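Reproduced below: data.cif, with mmCIF, C-alpha atoms, pLDDT in the B column; chains and numbers go by the auth columns.
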```cif
data_model
#
loop_
_atom_site.group_PDB
_atom_site.id
_atom_site.type_symbol
_atom_site.label_atom_id
_atom_site.label_comp_id
_atom_site.label_asym_id
_atom_site.label_seq_id
_atom_site.Cartn_x
_atom_site.Cartn_y
_atom_site.Cartn_z
_atom_site.B_iso_or_equiv
_atom_site.auth_seq_id
_atom_site.auth_asym_id
ATOM 1 C CA MET A 1 63.871 -141.375 -39.869 55.00 1 S
ATOM 2 C CA THR A 2 65.623 -138.109 -40.655 76.00 2 S
ATOM 3 C CA THR A 3 68.272 -137.133 -43.205 87.00 3 S
ATOM 4 C CA LEU A 4 70.841 -139.775 -44.148 92.00 4 S
ATOM 5 C CA ARG A 5 74.130 -138.927 -45.793 92.00 5 S
ATOM 6 C CA ARG A 6 77.734 -140.061 -46.289 92.00 6 S
ATOM 7 C CA GLY A 7 78.962 -141.341 -42.935 92.00 7 S
ATOM 8 C CA SER A 8 75.514 -142.371 -41.648 93.00 8 S
ATOM 9 C CA GLY A 9 75.066 -145.973 -40.551 93.00 9 S
ATOM 10 C CA GLY A 10 72.710 -148.494 -39.017 93.00 10 S
ATOM 11 C CA ASP A 11 69.361 -150.093 -39.728 94.00 11 S
ATOM 12 C CA GLU A 12 67.956 -146.957 -41.382 94.00 12 S
ATOM 13 C CA VAL A 13 70.727 -146.947 -43.975 95.00 13 S
ATOM 14 C CA GLU A 14 70.251 -150.680 -44.546 95.00 14 S
ATOM 15 C CA GLU A 15 66.543 -150.078 -45.185 95.00 15 S
ATOM 16 C CA LEU A 16 67.420 -147.325 -47.648 95.00 16 S
ATOM 17 C CA GLN A 17 69.903 -149.589 -49.418 96.00 17 S
ATOM 18 C CA LYS A 18 67.274 -152.317 -49.815 95.00 18 S
ATOM 19 C CA ARG A 19 64.776 -149.829 -51.227 95.00 19 S
ATOM 20 C CA LEU A 20 67.375 -148.517 -53.673 96.00 20 S
ATOM 21 C CA ARG A 21 68.233 -152.056 -54.780 95.00 21 S
ATOM 22 C CA ASP A 22 64.567 -152.948 -55.253 95.00 22 S
ATOM 23 C CA ALA A 23 64.017 -149.779 -57.290 95.00 23 S
ATOM 24 C CA GLY A 24 66.861 -150.733 -59.635 95.00 24 S
ATOM 25 C CA PHE A 25 69.572 -148.505 -58.195 96.00 25 S
ATOM 26 C CA SER A 26 72.061 -150.898 -56.593 96.00 26 S
ATOM 27 C CA PRO A 27 74.164 -149.390 -53.789 96.00 27 S
ATOM 28 C CA GLY A 28 76.439 -152.431 -53.730 94.00 28 S
ATOM 29 C CA ALA A 29 76.657 -154.303 -50.444 94.00 29 S
ATOM 30 C CA ILE A 30 73.619 -154.050 -48.164 96.00 30 S
ATOM 31 C CA ASP A 31 75.711 -153.337 -45.088 95.00 31 S
ATOM 32 C CA GLY A 32 74.084 -150.393 -43.321 94.00 32 S
ATOM 33 C CA ARG A 33 76.981 -148.091 -44.216 95.00 33 S
ATOM 34 C CA TYR A 34 76.322 -144.916 -46.197 96.00 34 S
ATOM 35 C CA GLY A 35 79.422 -144.964 -48.344 95.00 35 S
ATOM 36 C CA PRO A 36 80.207 -143.894 -51.919 95.00 36 S
ATOM 37 C CA GLY A 37 78.140 -146.717 -53.445 95.00 37 S
ATOM 38 C CA THR A 38 75.016 -145.711 -51.546 96.00 38 S
ATOM 39 C CA GLU A 39 75.645 -142.045 -52.286 95.00 39 S
ATOM 40 C CA ALA A 40 75.939 -142.784 -56.014 95.00 40 S
ATOM 41 C CA ALA A 41 72.764 -144.880 -55.975 96.00 41 S
ATOM 42 C CA VAL A 42 70.878 -142.121 -54.152 96.00 42 S
ATOM 43 C CA SER A 43 72.122 -139.573 -56.721 95.00 43 S
ATOM 44 C CA ALA A 44 70.950 -141.765 -59.607 95.00 44 S
ATOM 45 C CA PHE A 45 67.555 -142.257 -57.970 96.00 45 S
ATOM 46 C CA GLN A 46 67.234 -138.507 -57.388 94.00 46 S
ATOM 47 C CA ALA A 47 68.031 -137.782 -61.040 93.00 47 S
ATOM 48 C CA SER A 48 65.408 -140.308 -62.098 95.00 48 S
ATOM 49 C CA GLU A 49 62.776 -138.708 -59.864 93.00 49 S
ATOM 50 C CA GLY A 50 63.549 -135.090 -60.780 91.00 50 S
ATOM 51 C CA LEU A 51 64.871 -134.318 -57.304 90.00 51 S
ATOM 52 C CA LEU A 52 67.911 -132.289 -56.310 89.00 52 S
ATOM 53 C CA VAL A 53 70.910 -134.491 -57.102 92.00 53 S
ATOM 54 C CA ASP A 54 73.065 -134.120 -53.991 92.00 54 S
ATOM 55 C CA GLY A 55 73.476 -137.731 -52.887 94.00 55 S
ATOM 56 C CA ILE A 56 71.774 -136.967 -49.564 92.00 56 S
ATOM 57 C CA ALA A 57 68.651 -138.869 -48.549 93.00 57 S
ATOM 58 C CA GLY A 58 66.537 -136.115 -47.032 88.00 58 S
ATOM 59 C CA PRO A 59 62.769 -136.161 -46.407 87.00 59 S
ATOM 60 C CA ARG A 60 61.807 -135.726 -50.075 87.00 60 S
ATOM 61 C CA THR A 61 64.147 -138.433 -51.327 93.00 61 S
ATOM 62 C CA LEU A 62 63.070 -140.816 -48.564 93.00 62 S
ATOM 63 C CA ALA A 63 59.394 -140.149 -49.309 91.00 63 S
ATOM 64 C CA ALA A 64 59.973 -140.739 -53.025 93.00 64 S
ATOM 65 C CA ILE A 65 61.458 -144.147 -52.327 95.00 65 S
ATOM 66 C CA GLY A 66 58.686 -145.040 -49.903 93.00 66 S
ATOM 67 C CA ILE A 67 60.287 -144.447 -46.504 92.00 67 S
ATOM 68 C CA GLU A 68 58.436 -142.371 -43.939 84.00 68 S
ATOM 69 C CA SER A 69 60.495 -139.639 -42.314 72.00 69 S
ATOM 70 C CA GLU A 70 59.914 -137.076 -39.627 66.00 70 S
ATOM 71 C CA PRO A 71 59.812 -133.452 -40.837 60.00 71 S
ATOM 72 C CA GLU A 72 62.966 -131.620 -39.918 59.00 72 S
ATOM 73 C CA PRO A 73 62.612 -128.263 -38.178 55.00 73 S
ATOM 74 C CA PRO A 74 63.546 -125.192 -40.264 54.00 74 S
ATOM 75 C CA LEU A 75 66.670 -124.477 -38.210 55.00 75 S
ATOM 76 C CA ALA A 76 67.815 -121.650 -40.466 67.00 76 S
ATOM 77 C CA ILE A 77 64.714 -119.645 -39.600 81.00 77 S
ATOM 78 C CA GLU A 78 65.640 -119.481 -35.917 81.00 78 S
ATOM 79 C CA GLY A 79 68.856 -117.640 -36.718 89.00 79 S
ATOM 80 C CA VAL A 80 67.278 -115.101 -39.069 94.00 80 S
ATOM 81 C CA THR A 81 66.664 -112.260 -36.654 94.00 81 S
ATOM 82 C CA VAL A 82 65.992 -108.575 -37.192 95.00 82 S
ATOM 83 C CA ASP A 83 69.560 -107.861 -36.087 95.00 83 S
ATOM 84 C CA LEU A 84 71.045 -110.311 -38.588 95.00 84 S
ATOM 85 C CA VAL A 85 68.953 -108.983 -41.465 96.00 85 S
ATOM 86 C CA SER A 86 69.854 -105.398 -40.556 96.00 86 S
ATOM 87 C CA ASP A 87 73.503 -106.420 -41.015 96.00 87 S
ATOM 88 C CA LEU A 88 72.649 -107.786 -44.464 96.00 88 S
ATOM 89 C CA PHE A 89 70.593 -104.689 -45.400 97.00 89 S
ATOM 90 C CA PRO A 90 72.713 -101.765 -44.120 93.00 90 S
ATOM 91 C CA GLY A 91 70.579 -99.150 -45.871 93.00 91 S
ATOM 92 C CA ALA A 92 67.157 -100.526 -44.947 96.00 92 S
ATOM 93 C CA PRO A 93 65.057 -98.758 -42.289 97.00 93 S
ATOM 94 C CA LEU A 94 64.840 -100.944 -39.194 96.00 94 S
ATOM 95 C CA ASP A 95 61.055 -100.531 -39.101 97.00 95 S
ATOM 96 C CA ASN A 96 60.812 -102.105 -42.552 97.00 96 S
ATOM 97 C CA ILE A 97 62.693 -105.178 -41.385 97.00 97 S
ATOM 98 C CA LYS A 98 60.621 -105.470 -38.201 97.00 98 S
ATOM 99 C CA THR A 99 57.395 -105.180 -40.202 97.00 99 S
ATOM 100 C CA HIS A 100 58.132 -107.437 -43.164 97.00 100 S
ATOM 101 C CA LEU A 101 60.630 -110.060 -41.989 96.00 101 S
ATOM 102 C CA PRO A 102 58.143 -112.147 -39.943 95.00 102 S
ATOM 103 C CA ARG A 103 55.807 -112.373 -42.945 96.00 103 S
ATOM 104 C CA VAL A 104 58.617 -113.408 -45.302 96.00 104 S
ATOM 105 C CA LEU A 105 59.799 -116.143 -42.928 95.00 105 S
ATOM 106 C CA GLU A 106 56.269 -117.377 -42.316 93.00 106 S
ATOM 107 C CA GLU A 107 55.638 -117.777 -46.046 95.00 107 S
ATOM 108 C CA LEU A 108 58.960 -119.580 -46.585 94.00 108 S
ATOM 109 C CA VAL A 109 57.984 -122.075 -43.889 91.00 109 S
ATOM 110 C CA SER A 110 54.518 -122.469 -45.409 91.00 110 S
ATOM 111 C CA ALA A 111 56.048 -123.116 -48.856 92.00 111 S
ATOM 112 C CA GLU A 112 58.414 -125.701 -47.318 88.00 112 S
ATOM 113 C CA ILE A 113 61.540 -123.869 -48.467 92.00 113 S
ATOM 114 C CA ALA A 114 62.800 -122.791 -45.044 90.00 114 S
ATOM 115 C CA GLU A 115 66.174 -124.539 -45.136 89.00 115 S
ATOM 116 C CA LYS A 116 69.293 -122.387 -45.080 92.00 116 S
ATOM 117 C CA PRO A 117 70.065 -122.144 -48.840 94.00 117 S
ATOM 118 C CA MET A 118 66.518 -121.089 -49.745 95.00 118 S
ATOM 119 C CA VAL A 119 66.206 -118.647 -46.837 96.00 119 S
ATOM 120 C CA LEU A 120 69.457 -117.011 -47.944 96.00 120 S
ATOM 121 C CA MET A 121 68.185 -117.054 -51.527 97.00 121 S
ATOM 122 C CA ALA A 122 65.057 -115.190 -50.438 97.00 122 S
ATOM 123 C CA LEU A 123 66.995 -112.565 -48.481 97.00 123 S
ATOM 124 C CA ALA A 124 69.552 -112.066 -51.250 97.00 124 S
ATOM 125 C CA THR A 125 66.748 -111.715 -53.806 97.00 125 S
ATOM 126 C CA ILE A 126 65.031 -109.058 -51.705 97.00 126 S
ATOM 127 C CA ARG A 127 68.345 -107.216 -51.344 97.00 127 S
ATOM 128 C CA ALA A 128 68.861 -107.233 -55.121 96.00 128 S
ATOM 129 C CA GLU A 129 65.291 -106.160 -55.896 94.00 129 S
ATOM 130 C CA THR A 130 64.451 -103.789 -53.042 92.00 130 S
ATOM 131 C CA ALA A 131 67.349 -102.780 -50.830 92.00 131 S
ATOM 132 C CA GLY A 132 64.989 -101.146 -48.338 96.00 132 S
ATOM 133 C CA PHE A 133 63.365 -104.482 -47.363 97.00 133 S
ATOM 134 C CA ALA A 134 59.889 -103.394 -48.409 97.00 134 S
ATOM 135 C CA PRO A 135 57.704 -104.340 -51.400 97.00 135 S
ATOM 136 C CA ILE A 136 57.954 -101.561 -53.984 97.00 136 S
ATOM 137 C CA ASP A 137 57.038 -100.550 -57.534 97.00 137 S
ATOM 138 C CA GLU A 138 59.627 -100.914 -60.270 96.00 138 S
ATOM 139 C CA PHE A 139 61.403 -97.641 -61.097 95.00 139 S
ATOM 140 C CA ARG A 140 61.241 -96.099 -64.552 96.00 140 S
ATOM 141 C CA SER A 141 64.422 -96.605 -66.540 95.00 141 S
ATOM 142 C CA ARG A 142 65.712 -96.665 -70.098 95.00 142 S
ATOM 143 C CA PHE A 143 65.169 -100.424 -70.044 94.00 143 S
ATOM 144 C CA ASN A 144 61.401 -100.136 -69.560 97.00 144 S
ATOM 145 C CA SER A 145 60.465 -96.681 -70.911 97.00 145 S
ATOM 146 C CA SER A 146 61.401 -95.224 -74.285 97.00 146 S
ATOM 147 C CA PRO A 147 62.632 -91.610 -74.710 96.00 147 S
ATOM 148 C CA GLY A 148 59.538 -89.409 -74.719 94.00 148 S
ATOM 149 C CA GLY A 149 57.279 -92.425 -74.369 95.00 149 S
ATOM 150 C CA HIS A 150 54.758 -93.135 -71.639 96.00 150 S
ATOM 151 C CA PRO A 151 55.958 -95.001 -68.534 97.00 151 S
ATOM 152 C CA PHE A 152 56.847 -98.658 -69.134 98.00 152 S
ATOM 153 C CA ASP A 153 55.897 -98.537 -72.809 98.00 153 S
ATOM 154 C CA LEU A 154 58.747 -100.928 -73.636 98.00 154 S
ATOM 155 C CA TYR A 155 56.848 -103.575 -71.702 98.00 155 S
ATOM 156 C CA ASP A 156 53.525 -102.996 -73.474 98.00 156 S
ATOM 157 C CA HIS A 157 54.089 -105.506 -76.275 97.00 157 S
ATOM 158 C CA ARG A 158 56.390 -107.990 -74.514 97.00 158 S
ATOM 159 C CA ALA A 159 54.889 -111.273 -75.689 97.00 159 S
ATOM 160 C CA ASP A 160 57.248 -113.200 -73.409 96.00 160 S
ATOM 161 C CA LEU A 161 55.507 -111.524 -70.460 96.00 161 S
ATOM 162 C CA GLY A 162 52.036 -112.104 -71.867 97.00 162 S
ATOM 163 C CA ASN A 163 51.417 -108.370 -72.262 98.00 163 S
ATOM 164 C CA GLN A 164 48.847 -107.358 -74.840 97.00 164 S
ATOM 165 C CA GLY A 165 49.651 -103.708 -75.512 97.00 165 S
ATOM 166 C CA SER A 166 49.103 -100.466 -73.631 96.00 166 S
ATOM 167 C CA PRO A 167 48.503 -100.119 -70.714 97.00 167 S
ATOM 168 C CA ASP A 168 49.803 -103.602 -69.835 98.00 168 S
ATOM 169 C CA GLY A 169 53.373 -102.359 -69.486 97.00 169 S
ATOM 170 C CA GLU A 170 52.602 -100.004 -66.629 98.00 170 S
ATOM 171 C CA ARG A 171 49.748 -102.078 -65.226 98.00 171 S
ATOM 172 C CA PHE A 172 51.925 -105.179 -64.848 98.00 172 S
ATOM 173 C CA LYS A 173 55.261 -103.515 -64.083 97.00 173 S
ATOM 174 C CA GLY A 174 57.512 -104.996 -61.424 96.00 174 S
ATOM 175 C CA ARG A 175 56.086 -105.034 -57.896 97.00 175 S
ATOM 176 C CA GLY A 176 56.720 -106.613 -54.532 97.00 176 S
ATOM 177 C CA PHE A 177 59.810 -108.162 -52.977 97.00 177 S
ATOM 178 C CA ILE A 178 60.652 -110.069 -56.142 94.00 178 S
ATOM 179 C CA GLN A 179 59.456 -107.522 -58.721 94.00 179 S
ATOM 180 C CA LEU A 180 56.777 -109.702 -60.285 95.00 180 S
ATOM 181 C CA THR A 181 56.455 -108.486 -63.892 96.00 181 S
ATOM 182 C CA GLY A 182 54.099 -109.162 -66.794 97.00 182 S
ATOM 183 C CA ARG A 183 50.470 -110.232 -67.214 98.00 183 S
ATOM 184 C CA ASP A 184 51.315 -113.946 -67.428 97.00 184 S
ATOM 185 C CA ASN A 185 53.326 -113.915 -64.208 95.00 185 S
ATOM 186 C CA TYR A 186 50.610 -112.014 -62.347 97.00 186 S
ATOM 187 C CA ARG A 187 48.052 -114.570 -63.504 97.00 187 S
ATOM 188 C CA ARG A 188 50.172 -117.691 -62.866 95.00 188 S
ATOM 189 C CA ILE A 189 51.488 -116.692 -59.449 96.00 189 S
ATOM 190 C CA GLY A 190 48.113 -115.267 -58.413 96.00 190 S
ATOM 191 C CA GLN A 191 46.517 -118.642 -59.103 97.00 191 S
ATOM 192 C CA ARG A 192 49.352 -120.448 -57.333 95.00 192 S
ATOM 193 C CA ILE A 193 48.850 -118.477 -54.112 96.00 193 S
ATOM 194 C CA GLY A 194 45.086 -118.870 -54.131 95.00 194 S
ATOM 195 C CA LEU A 195 44.002 -115.488 -55.488 95.00 195 S
ATOM 196 C CA GLY A 196 42.682 -116.747 -58.812 95.00 196 S
ATOM 197 C CA ASP A 197 42.775 -113.780 -61.208 95.00 197 S
ATOM 198 C CA GLY A 198 42.933 -111.355 -58.283 96.00 198 S
ATOM 199 C CA LEU A 199 46.424 -110.108 -59.118 97.00 199 S
ATOM 200 C CA VAL A 200 45.445 -109.499 -62.748 97.00 200 S
ATOM 201 C CA GLN A 201 42.374 -107.552 -61.681 97.00 201 S
ATOM 202 C CA ASP A 202 44.214 -105.600 -58.986 98.00 202 S
ATOM 203 C CA PRO A 203 47.987 -105.658 -59.610 98.00 203 S
ATOM 204 C CA GLU A 204 48.642 -103.311 -56.665 97.00 204 S
ATOM 205 C CA LEU A 205 47.939 -106.255 -54.360 97.00 205 S
ATOM 206 C CA ALA A 206 51.464 -107.431 -55.181 97.00 206 S
ATOM 207 C CA ASN A 207 52.777 -104.675 -52.895 97.00 207 S
ATOM 208 C CA ASP A 208 50.729 -105.779 -49.892 97.00 208 S
ATOM 209 C CA SER A 209 53.249 -107.074 -47.351 96.00 209 S
ATOM 210 C CA THR A 210 51.668 -110.482 -46.768 96.00 210 S
ATOM 211 C CA ILE A 211 50.837 -111.076 -50.428 97.00 211 S
ATOM 212 C CA ALA A 212 54.290 -109.882 -51.519 98.00 212 S
ATOM 213 C CA ALA A 213 55.870 -112.385 -49.127 97.00 213 S
ATOM 214 C CA ARG A 214 53.600 -115.136 -50.459 97.00 214 S
ATOM 215 C CA ILE A 215 54.529 -114.258 -54.036 97.00 215 S
ATOM 216 C CA LEU A 216 58.223 -114.361 -53.183 97.00 216 S
ATOM 217 C CA ALA A 217 57.907 -117.797 -51.572 97.00 217 S
ATOM 218 C CA ALA A 218 55.764 -119.160 -54.422 96.00 218 S
ATOM 219 C CA PHE A 219 58.156 -117.902 -57.092 94.00 219 S
ATOM 220 C CA LEU A 220 61.186 -119.376 -55.325 96.00 220 S
ATOM 221 C CA ALA A 221 59.379 -122.669 -54.727 95.00 221 S
ATOM 222 C CA GLU A 222 58.535 -122.825 -58.420 93.00 222 S
ATOM 223 C CA LYS A 223 62.248 -122.517 -59.283 94.00 223 S
ATOM 224 C CA GLU A 224 63.475 -124.544 -56.288 95.00 224 S
ATOM 225 C CA LEU A 225 65.219 -127.381 -58.138 94.00 225 S
ATOM 226 C CA ARG A 226 67.087 -125.056 -60.495 96.00 226 S
ATOM 227 C CA ILE A 227 68.055 -122.732 -57.643 97.00 227 S
ATOM 228 C CA LYS A 228 69.259 -125.519 -55.353 95.00 228 S
ATOM 229 C CA THR A 229 71.237 -127.146 -58.147 95.00 229 S
ATOM 230 C CA ALA A 230 72.980 -123.843 -58.857 96.00 230 S
ATOM 231 C CA LEU A 231 73.676 -123.222 -55.180 95.00 231 S
ATOM 232 C CA LEU A 232 74.971 -126.771 -54.735 93.00 232 S
ATOM 233 C CA HIS A 233 77.623 -125.956 -57.333 94.00 233 S
ATOM 234 C CA GLY A 234 78.348 -122.516 -55.891 94.00 234 S
ATOM 235 C CA ASP A 235 76.953 -120.782 -58.985 97.00 235 S
ATOM 236 C CA LEU A 236 75.274 -117.697 -57.523 97.00 236 S
ATOM 237 C CA ALA A 237 74.934 -116.104 -60.967 96.00 237 S
ATOM 238 C CA GLU A 238 72.835 -119.039 -62.200 97.00 238 S
ATOM 239 C CA ALA A 239 70.738 -118.952 -59.015 97.00 239 S
ATOM 240 C CA ARG A 240 70.078 -115.272 -59.691 96.00 240 S
ATOM 241 C CA ARG A 241 69.185 -115.968 -63.330 95.00 241 S
ATOM 242 C CA ALA A 242 66.630 -118.528 -62.214 94.00 242 S
ATOM 243 C CA VAL A 243 64.642 -115.683 -60.649 91.00 243 S
ATOM 244 C CA ASN A 244 65.586 -112.567 -62.563 87.00 244 S
ATOM 245 C CA GLY A 245 66.443 -114.009 -65.956 83.00 245 S
ATOM 246 C CA GLY A 246 69.708 -112.059 -65.997 82.00 246 S
ATOM 247 C CA ARG A 247 72.411 -110.557 -63.826 84.00 247 S
ATOM 248 C CA HIS A 248 70.601 -107.461 -62.552 87.00 248 S
ATOM 249 C CA GLY A 249 71.634 -106.827 -58.954 90.00 249 S
ATOM 250 C CA ILE A 250 74.121 -109.708 -58.959 95.00 250 S
ATOM 251 C CA GLU A 251 76.671 -107.863 -56.803 96.00 251 S
ATOM 252 C CA ALA A 252 74.205 -107.068 -54.020 96.00 252 S
ATOM 253 C CA PHE A 253 72.706 -110.539 -54.360 97.00 253 S
ATOM 254 C CA SER A 254 76.051 -112.331 -54.081 97.00 254 S
ATOM 255 C CA GLN A 255 77.303 -110.122 -51.255 97.00 255 S
ATOM 256 C CA THR A 256 74.151 -110.744 -49.221 97.00 256 S
ATOM 257 C CA TYR A 257 74.134 -114.481 -49.827 97.00 257 S
ATOM 258 C CA ARG A 258 77.784 -114.968 -48.861 97.00 258 S
ATOM 259 C CA LYS A 259 77.580 -112.739 -45.801 97.00 259 S
ATOM 260 C CA GLY A 260 74.396 -114.432 -44.661 96.00 260 S
ATOM 261 C CA GLU A 261 75.977 -117.838 -45.186 94.00 261 S
ATOM 262 C CA ALA A 262 78.807 -116.867 -42.860 94.00 262 S
ATOM 263 C CA LEU A 263 76.535 -115.309 -40.232 92.00 263 S
ATOM 264 C CA LEU A 264 74.237 -118.347 -40.165 87.00 264 S
ATOM 265 C CA ALA A 265 77.069 -120.858 -39.971 74.00 265 S
#
```
As structure tokens, the full file:
Amino acid sequence: MTTLRRGSGGDEVEELQKRLRDAGFSPGAIDGRYGPGTEAAVSAFQASEGLLVDGIAGPRTLAAIGIESEPEPPLAIEGVTVDLVSDLFPGAPLDNIKTHLPRVLEELVSAEIAEKPMVLMALATIRAETAGFAPIDEFRSRFNSSPGGHPFDLYDHRADLGNQGSPDGERFKGRGFIQLTGRDNYRRIGQRIGLGDGLVQDPELANDSTIAARILAAFLAEKELRIKTALLHGDLAEARRAVNGGRHGIEAFSQTYRKGEALLA
């Protein structure tokens, strides 16, 4: 069984309707037709299970209700070529895209977020954070370094980042494709990608191409529900906030997402 949605029909929909009814989410008539009643029941079930509420019974929703489904191929990945990404990153050296794109796509597939919205989210995030399509260090600015102060001193005592004073600000400054910042984020994401405290002990690892791609995928996967909900409602600013916490780079982010959406249509 694959994805079921409004307009689907047949025995698979009837099975879904029975499961919904038995779980306490009545779709109305058990007729094998995926109409508004079934869509509403699926949405209610998704909300109950903490899934993306889109009224579509995809692999995760089907698995949650106890129906086996065949994994769907990450079709969006096939269309994300070096040529397409070079169109989205007009200022990026072509060699950077050729070097780093395969690793980014591989990690998105591994993290099971290789469908079109999340692939575009990854590319748009990279564009907003590092227009050259390469993992980089955060630049010094008035937002992270005080006048006459040492580099990144305004981060030194950021309790929200888990920093514990100098030299934490510079040691755990933004790095990578997603500009991972702060002691707590380095520790949490490092553990999530299997490095233990490796990123805390050696923060420069966050700029290694493969590790940077893994960090990007892990961070997006961690925020997946919030991101997908925002994208479902066309709220690119909220999707950006889910990653960045603000609106930094929102113009480049939005431009890249919308252009990519059109090119991958």
What is the atom CA of S:Ile178 to atom CA of S:Gly149 distance in Å? 25.6 Å
Any idea what the distance is between atom CA of S:Arg171 and atom CA of S:Leu220? 23.0 Å
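Closest approach to S:Gly9 among S:Arg33, S:Ala237, S:Glu204, S:Ala23 is made by S:Arg33 (distances from only C-alpha atoms).
All residues of protein, DNA or RNA that reach within 10 Å of stretch 39-46 of chain S, judged by all atoms listed in the file and not counting those fewer than 5 positions away in the chain, are Leu4, Arg5, Arg6, Gly7, Leu16, Gln17, Leu20, Arg21, Ala23, Gly24, Phe25, Ser26, Pro27, Gly28, Tyr34, Leu51, Leu52, Val53, Asp54, Gly55, Ile56, Ala57, Arg60, Thr61, Leu62, Ala64 and Ile65 of chain S.
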Write the residues of the selection above to a file with C-alpha atoms, as a PDB file, keeping the file's coordinate frame.
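Output contents, as saved in selection.pdb:
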```pdb
ATOM      1  CA  LEU S   4      70.841-139.775 -44.148  1.00 92.00           C
ATOM      2  CA  ARG S   5      74.130-138.927 -45.793  1.00 92.00           C
ATOM      3  CA  ARG S   6      77.734-140.061 -46.289  1.00 92.00           C
ATOM      4  CA  GLY S   7      78.962-141.341 -42.935  1.00 92.00           C
ATOM      5  CA  LEU S  16      67.420-147.325 -47.648  1.00 95.00           C
ATOM      6  CA  GLN S  17      69.903-149.589 -49.418  1.00 96.00           C
ATOM      7  CA  LEU S  20      67.375-148.517 -53.673  1.00 96.00           C
ATOM      8  CA  ARG S  21      68.233-152.056 -54.780  1.00 95.00           C
ATOM      9  CA  ALA S  23      64.017-149.779 -57.290  1.00 95.00           C
ATOM     10  CA  GLY S  24      66.861-150.733 -59.635  1.00 95.00           C
ATOM     11  CA  PHE S  25      69.572-148.505 -58.195  1.00 96.00           C
ATOM     12  CA  SER S  26      72.061-150.898 -56.593  1.00 96.00           C
ATOM     13  CA  PRO S  27      74.164-149.390 -53.789  1.00 96.00           C
ATOM     14  CA  GLY S  28      76.439-152.431 -53.730  1.00 94.00           C
ATOM     15  CA  TYR S  34      76.322-144.916 -46.197  1.00 96.00           C
ATOM     16  CA  LEU S  51      64.871-134.318 -57.304  1.00 90.00           C
ATOM     17  CA  LEU S  52      67.911-132.289 -56.310  1.00 89.00           C
ATOM     18  CA  VAL S  53      70.910-134.491 -57.102  1.00 92.00           C
ATOM     19  CA  ASP S  54      73.065-134.120 -53.991  1.00 92.00           C
ATOM     20  CA  GLY S  55      73.476-137.731 -52.887  1.00 94.00           C
ATOM     21  CA  ILE S  56      71.774-136.967 -49.564  1.00 92.00           C
ATOM     22  CA  ALA S  57      68.651-138.869 -48.549  1.00 93.00           C
ATOM     23  CA  ARG S  60      61.807-135.726 -50.075  1.00 87.00           C
ATOM     24  CA  THR S  61      64.147-138.433 -51.327  1.00 93.00           C
ATOM     25  CA  LEU S  62      63.070-140.816 -48.564  1.00 93.00           C
ATOM     26  CA  ALA S  64      59.973-140.739 -53.025  1.00 93.00           C
ATOM     27  CA  ILE S  65      61.458-144.147 -52.327  1.00 95.00           C
TER      28      ILE S  65
END
```
Tell me which residues the PyMOL selection byres ((chain S and resi 85-94) around 7) grabs here, as a ChimeraX atom specification. /S:80-84,95-98,127,131-133,256,260
